Amino acid sequence: MTSALLACALVTLAVLFYVFYLPGELHLGPEKTRLAYLRERKEAIYENLRDLNFEYKAGKFPDSDYEAMKASLEEEAAAVLAEMASLEEVNATAAAARLRGPGNKGARV
């Protein structure tokens with residue numbers, strides 16, 4: 001009985017160690033920027049619009065449902081595109097400022 005409990009305890013400890021052990025160095029993927037996330041979201045919305053159009057043409061949705069879902073996806077796409085444009089504008093402004101350098105604000109050419 002005692003050897004069985006000891007064996008169960010050892011197996012339990014081994015399993016817990018295996019499950020919860022963290023190696024010294026974790027390999028994480030690259031950090032996503034907001035712009036990268038928005039690009040992925042845009043592609044997902046466009047894919048959903050294509051799928052919705054296909055399923056509507058296949059007769060799976062009535063006109064009212066199709067129009068409501070299409071309008072919702074188009075609004076979401078417009079919001080994503082607007083945010084992407086503003087982020088790209090900010091990035092372009094920051095890049096132009098870096099090219100000018102810290103002491104060349106308003107320098108004449």
# chains A, B, ... in the order shown; residues from 1 in each chain; ligands from 1
$ select_by_dssp --residues "chain A" --states "alpha helix (DSSP H)" --output "JSON, numbers by chain"
{"A": [2, 3, 4, 5, 6, 7, 8, 9, 10, 11, 12, 13, 14, 15, 16, 17, 18, 19, 20, 34, 35, 36, 37, 38, 39, 40, 41, 42, 43, 44, 45, 46, 47, 48, 49, 50, 51, 52, 53, 54, 55, 56, 57, 63, 64, 65, 66, 67, 68, 69, 70, 71, 72, 73, 74, 75, 76, 77, 78, 79, 80, 81, 82, 83, 84, 85, 86, 87, 88, 89, 90, 91, 92, 93, 94, 95, 96, 97, 98, 99, 100]}
$ write_last_selection --atoms "C-alpha atoms" --output "PDB file, in the first residue's frame"
ATOM      1  CA  THR A   2       2.787   2.400   0.934  1.00  0.00           C
ATOM      2  CA  SER A   3       4.759   1.646  -2.232  1.00  0.00           C
ATOM      3  CA  ALA A   4       1.626   2.240  -4.334  1.00  0.00           C
ATOM      4  CA  LEU A   5       1.105   5.672  -2.711  1.00  0.00           C
ATOM      5  CA  LEU A   6       4.764   6.524  -3.244  1.00  0.00           C
ATOM      6  CA  ALA A   7       4.527   5.506  -6.910  1.00  0.00           C
ATOM      7  CA  CYS A   8       1.356   7.606  -7.372  1.00  0.00           C
ATOM      8  CA  ALA A   9       3.031  10.597  -5.710  1.00  0.00           C
ATOM      9  CA  LEU A  10       6.102  10.269  -7.955  1.00  0.00           C
ATOM     10  CA  VAL A  11       3.986   9.977 -11.096  1.00  0.00           C
ATOM     11  CA  THR A  12       1.911  12.987 -10.002  1.00  0.00           C
ATOM     12  CA  LEU A  13       5.042  15.061  -9.387  1.00  0.00           C
ATOM     13  CA  ALA A  14       6.502  14.026 -12.734  1.00  0.00           C
ATOM     14  CA  VAL A  15       3.310  14.967 -14.567  1.00  0.00           C
ATOM     15  CA  LEU A  16       3.058  18.322 -12.776  1.00  0.00           C
ATOM     16  CA  PHE A  17       6.696  19.077 -13.575  1.00  0.00           C
ATOM     17  CA  TYR A  18       6.171  18.166 -17.236  1.00  0.00           C
ATOM     18  CA  VAL A  19       3.014  20.287 -17.559  1.00  0.00           C
ATOM     19  CA  PHE A  20       4.141  23.384 -15.681  1.00  0.00           C
ATOM     20  CA  ARG A  34      -1.704  47.663 -34.636  1.00  0.00           C
ATOM     21  CA  LEU A  35      -1.296  48.142 -38.380  1.00  0.00           C
ATOM     22  CA  ALA A  36      -0.473  44.455 -38.924  1.00  0.00           C
ATOM     23  CA  TYR A  37      -3.528  43.476 -36.878  1.00  0.00           C
ATOM     24  CA  LEU A  38      -5.724  45.799 -38.951  1.00  0.00           C
ATOM     25  CA  ARG A  39      -4.386  44.340 -42.203  1.00  0.00           C
ATOM     26  CA  GLU A  40      -5.283  40.835 -41.015  1.00  0.00           C
ATOM     27  CA  ARG A  41      -8.704  42.060 -39.894  1.00  0.00           C
ATOM     28  CA  LYS A  42      -9.301  43.690 -43.296  1.00  0.00           C
ATOM     29  CA  GLU A  43      -8.501  40.433 -45.083  1.00  0.00           C
ATOM     30  CA  ALA A  44     -10.858  38.528 -42.773  1.00  0.00           C
ATOM     31  CA  ILE A  45     -13.676  41.012 -43.424  1.00  0.00           C
ATOM     32  CA  TYR A  46     -13.154  40.803 -47.189  1.00  0.00           C
ATOM     33  CA  GLU A  47     -13.218  37.016 -46.986  1.00  0.00           C
ATOM     34  CA  ASN A  48     -16.446  37.173 -44.979  1.00  0.00           C
ATOM     35  CA  LEU A  49     -17.969  39.461 -47.614  1.00  0.00           C
ATOM     36  CA  ARG A  50     -16.998  37.025 -50.379  1.00  0.00           C
ATOM     37  CA  ASP A  51     -18.465  34.104 -48.417  1.00  0.00           C
ATOM     38  CA  LEU A  52     -21.645  36.048 -47.690  1.00  0.00           C
ATOM     39  CA  ASN A  53     -22.064  36.917 -51.366  1.00  0.00           C
ATOM     40  CA  PHE A  54     -21.509  33.294 -52.402  1.00  0.00           C
ATOM     41  CA  GLU A  55     -23.986  31.955 -49.848  1.00  0.00           C
ATOM     42  CA  TYR A  56     -26.566  34.587 -50.831  1.00  0.00           C
ATOM     43  CA  LYS A  57     -26.259  33.594 -54.487  1.00  0.00           C
ATOM     44  CA  ASP A  63     -32.671  39.448 -49.020  1.00  0.00           C
ATOM     45  CA  SER A  64     -33.214  41.232 -45.708  1.00  0.00           C
ATOM     46  CA  ASP A  65     -30.617  39.172 -43.832  1.00  0.00           C
ATOM     47  CA  TYR A  66     -28.121  39.506 -46.663  1.00  0.00           C
ATOM     48  CA  GLU A  67     -28.477  43.283 -46.806  1.00  0.00           C
ATOM     49  CA  ALA A  68     -28.160  43.634 -43.026  1.00  0.00           C
ATOM     50  CA  MET A  69     -25.055  41.449 -42.807  1.00  0.00           C
ATOM     51  CA  LYS A  70     -23.496  43.074 -45.865  1.00  0.00           C
ATOM     52  CA  ALA A  71     -24.050  46.558 -44.443  1.00  0.00           C
ATOM     53  CA  SER A  72     -22.539  45.503 -41.125  1.00  0.00           C
ATOM     54  CA  LEU A  73     -19.431  44.047 -42.768  1.00  0.00           C
ATOM     55  CA  GLU A  74     -19.025  47.067 -45.030  1.00  0.00           C
ATOM     56  CA  GLU A  75     -19.239  49.429 -42.036  1.00  0.00           C
ATOM     57  CA  GLU A  76     -16.620  47.383 -40.212  1.00  0.00           C
ATOM     58  CA  ALA A  77     -14.374  47.397 -43.299  1.00  0.00           C
ATOM     59  CA  ALA A  78     -14.721  51.175 -43.616  1.00  0.00           C
ATOM     60  CA  ALA A  79     -13.758  51.646 -39.961  1.00  0.00           C
ATOM     61  CA  VAL A  80     -10.726  49.380 -40.351  1.00  0.00           C
ATOM     62  CA  LEU A  81      -9.615  51.148 -43.543  1.00  0.00           C
ATOM     63  CA  ALA A  82     -10.007  54.576 -41.912  1.00  0.00           C
ATOM     64  CA  GLU A  83      -7.908  53.529 -38.915  1.00  0.00           C
ATOM     65  CA  MET A  84      -5.285  52.007 -41.226  1.00  0.00           C
ATOM     66  CA  ALA A  85      -5.092  55.259 -43.208  1.00  0.00           C
ATOM     67  CA  SER A  86      -4.635  57.331 -40.070  1.00  0.00           C
ATOM     68  CA  LEU A  87      -1.915  55.004 -38.743  1.00  0.00           C
ATOM     69  CA  GLU A  88      -0.109  55.009 -42.086  1.00  0.00           C
ATOM     70  CA  GLU A  89      -0.272  58.814 -42.136  1.00  0.00           C
ATOM     71  CA  VAL A  90       1.210  58.988 -38.638  1.00  0.00           C
ATOM     72  CA  ASN A  91       3.951  56.531 -39.631  1.00  0.00           C
ATOM     73  CA  ALA A  92       4.750  58.544 -42.777  1.00  0.00           C
ATOM     74  CA  THR A  93       4.920  61.780 -40.759  1.00  0.00           C
ATOM     75  CA  ALA A  94       7.217  60.155 -38.199  1.00  0.00           C
ATOM     76  CA  ALA A  95       9.465  58.769 -40.960  1.00  0.00           C
ATOM     77  CA  ALA A  96       9.684  62.187 -42.614  1.00  0.00           C
ATOM     78  CA  ALA A  97      10.594  63.750 -39.267  1.00  0.00           C
ATOM     79  CA  ARG A  98      13.358  61.173 -38.779  1.00  0.00           C
ATOM     80  CA  LEU A  99      14.751  61.912 -42.240  1.00  0.00           C
ATOM     81  CA  ARG A 100      14.856  65.633 -41.538  1.00  0.00           C
TER      82      ARG A 100
END
$ decode --residues "range 13-87 of chain A" --atoms "C-alpha atoms" --output "tab-separated table (two decimals), in the first residue's frame"
chain	number	residue	atom	x	y	z
A	13	LEU	CA	5.04	15.06	-9.39
A	14	ALA	CA	6.50	14.03	-12.73
A	15	VAL	CA	3.31	14.97	-14.57
A	16	LEU	CA	3.06	18.32	-12.78
A	17	PHE	CA	6.70	19.08	-13.57
A	18	TYR	CA	6.17	18.17	-17.24
A	19	VAL	CA	3.01	20.29	-17.56
A	20	PHE	CA	4.14	23.38	-15.68
A	21	TYR	CA	7.87	23.51	-16.40
A	22	LEU	CA	8.98	26.66	-18.24
A	23	PRO	CA	12.27	26.52	-20.09
A	24	GLY	CA	14.78	29.29	-19.47
A	25	GLU	CA	14.10	30.95	-22.82
A	26	LEU	CA	10.67	31.16	-24.40
A	27	HIS	CA	10.44	31.51	-28.16
A	28	LEU	CA	7.68	34.00	-28.83
A	29	GLY	CA	6.52	35.06	-32.24
A	30	PRO	CA	7.14	38.54	-33.54
A	31	GLU	CA	5.23	41.30	-31.83
A	32	LYS	CA	2.29	42.49	-33.89
A	33	THR	CA	1.74	46.14	-34.53
A	34	ARG	CA	-1.70	47.66	-34.64
A	35	LEU	CA	-1.30	48.14	-38.38
A	36	ALA	CA	-0.47	44.45	-38.92
A	37	TYR	CA	-3.53	43.48	-36.88
A	38	LEU	CA	-5.72	45.80	-38.95
A	39	ARG	CA	-4.39	44.34	-42.20
A	40	GLU	CA	-5.28	40.83	-41.01
A	41	ARG	CA	-8.70	42.06	-39.89
A	42	LYS	CA	-9.30	43.69	-43.30
A	43	GLU	CA	-8.50	40.43	-45.08
A	44	ALA	CA	-10.86	38.53	-42.77
A	45	ILE	CA	-13.68	41.01	-43.42
A	46	TYR	CA	-13.15	40.80	-47.19
A	47	GLU	CA	-13.22	37.02	-46.99
A	48	ASN	CA	-16.45	37.17	-44.98
A	49	LEU	CA	-17.97	39.46	-47.61
A	50	ARG	CA	-17.00	37.02	-50.38
A	51	ASP	CA	-18.46	34.10	-48.42
A	52	LEU	CA	-21.65	36.05	-47.69
A	53	ASN	CA	-22.06	36.92	-51.37
A	54	PHE	CA	-21.51	33.29	-52.40
A	55	GLU	CA	-23.99	31.96	-49.85
A	56	TYR	CA	-26.57	34.59	-50.83
A	57	LYS	CA	-26.26	33.59	-54.49
A	58	ALA	CA	-26.63	29.96	-53.40
A	59	GLY	CA	-29.96	30.88	-51.81
A	60	LYS	CA	-28.97	30.37	-48.16
A	61	PHE	CA	-29.96	33.89	-47.03
A	62	PRO	CA	-33.10	35.94	-47.58
A	63	ASP	CA	-32.67	39.45	-49.02
A	64	SER	CA	-33.21	41.23	-45.71
A	65	ASP	CA	-30.62	39.17	-43.83
A	66	TYR	CA	-28.12	39.51	-46.66
A	67	GLU	CA	-28.48	43.28	-46.81
A	68	ALA	CA	-28.16	43.63	-43.03
A	69	MET	CA	-25.05	41.45	-42.81
A	70	LYS	CA	-23.50	43.07	-45.86
A	71	ALA	CA	-24.05	46.56	-44.44
A	72	SER	CA	-22.54	45.50	-41.13
A	73	LEU	CA	-19.43	44.05	-42.77
A	74	GLU	CA	-19.03	47.07	-45.03
A	75	GLU	CA	-19.24	49.43	-42.04
A	76	GLU	CA	-16.62	47.38	-40.21
A	77	ALA	CA	-14.37	47.40	-43.30
A	78	ALA	CA	-14.72	51.18	-43.62
A	79	ALA	CA	-13.76	51.65	-39.96
A	80	VAL	CA	-10.73	49.38	-40.35
A	81	LEU	CA	-9.61	51.15	-43.54
A	82	ALA	CA	-10.01	54.58	-41.91
A	83	GLU	CA	-7.91	53.53	-38.91
A	84	MET	CA	-5.29	52.01	-41.23
A	85	ALA	CA	-5.09	55.26	-43.21
A	86	SER	CA	-4.63	57.33	-40.07
A	87	LEU	CA	-1.91	55.00	-38.74
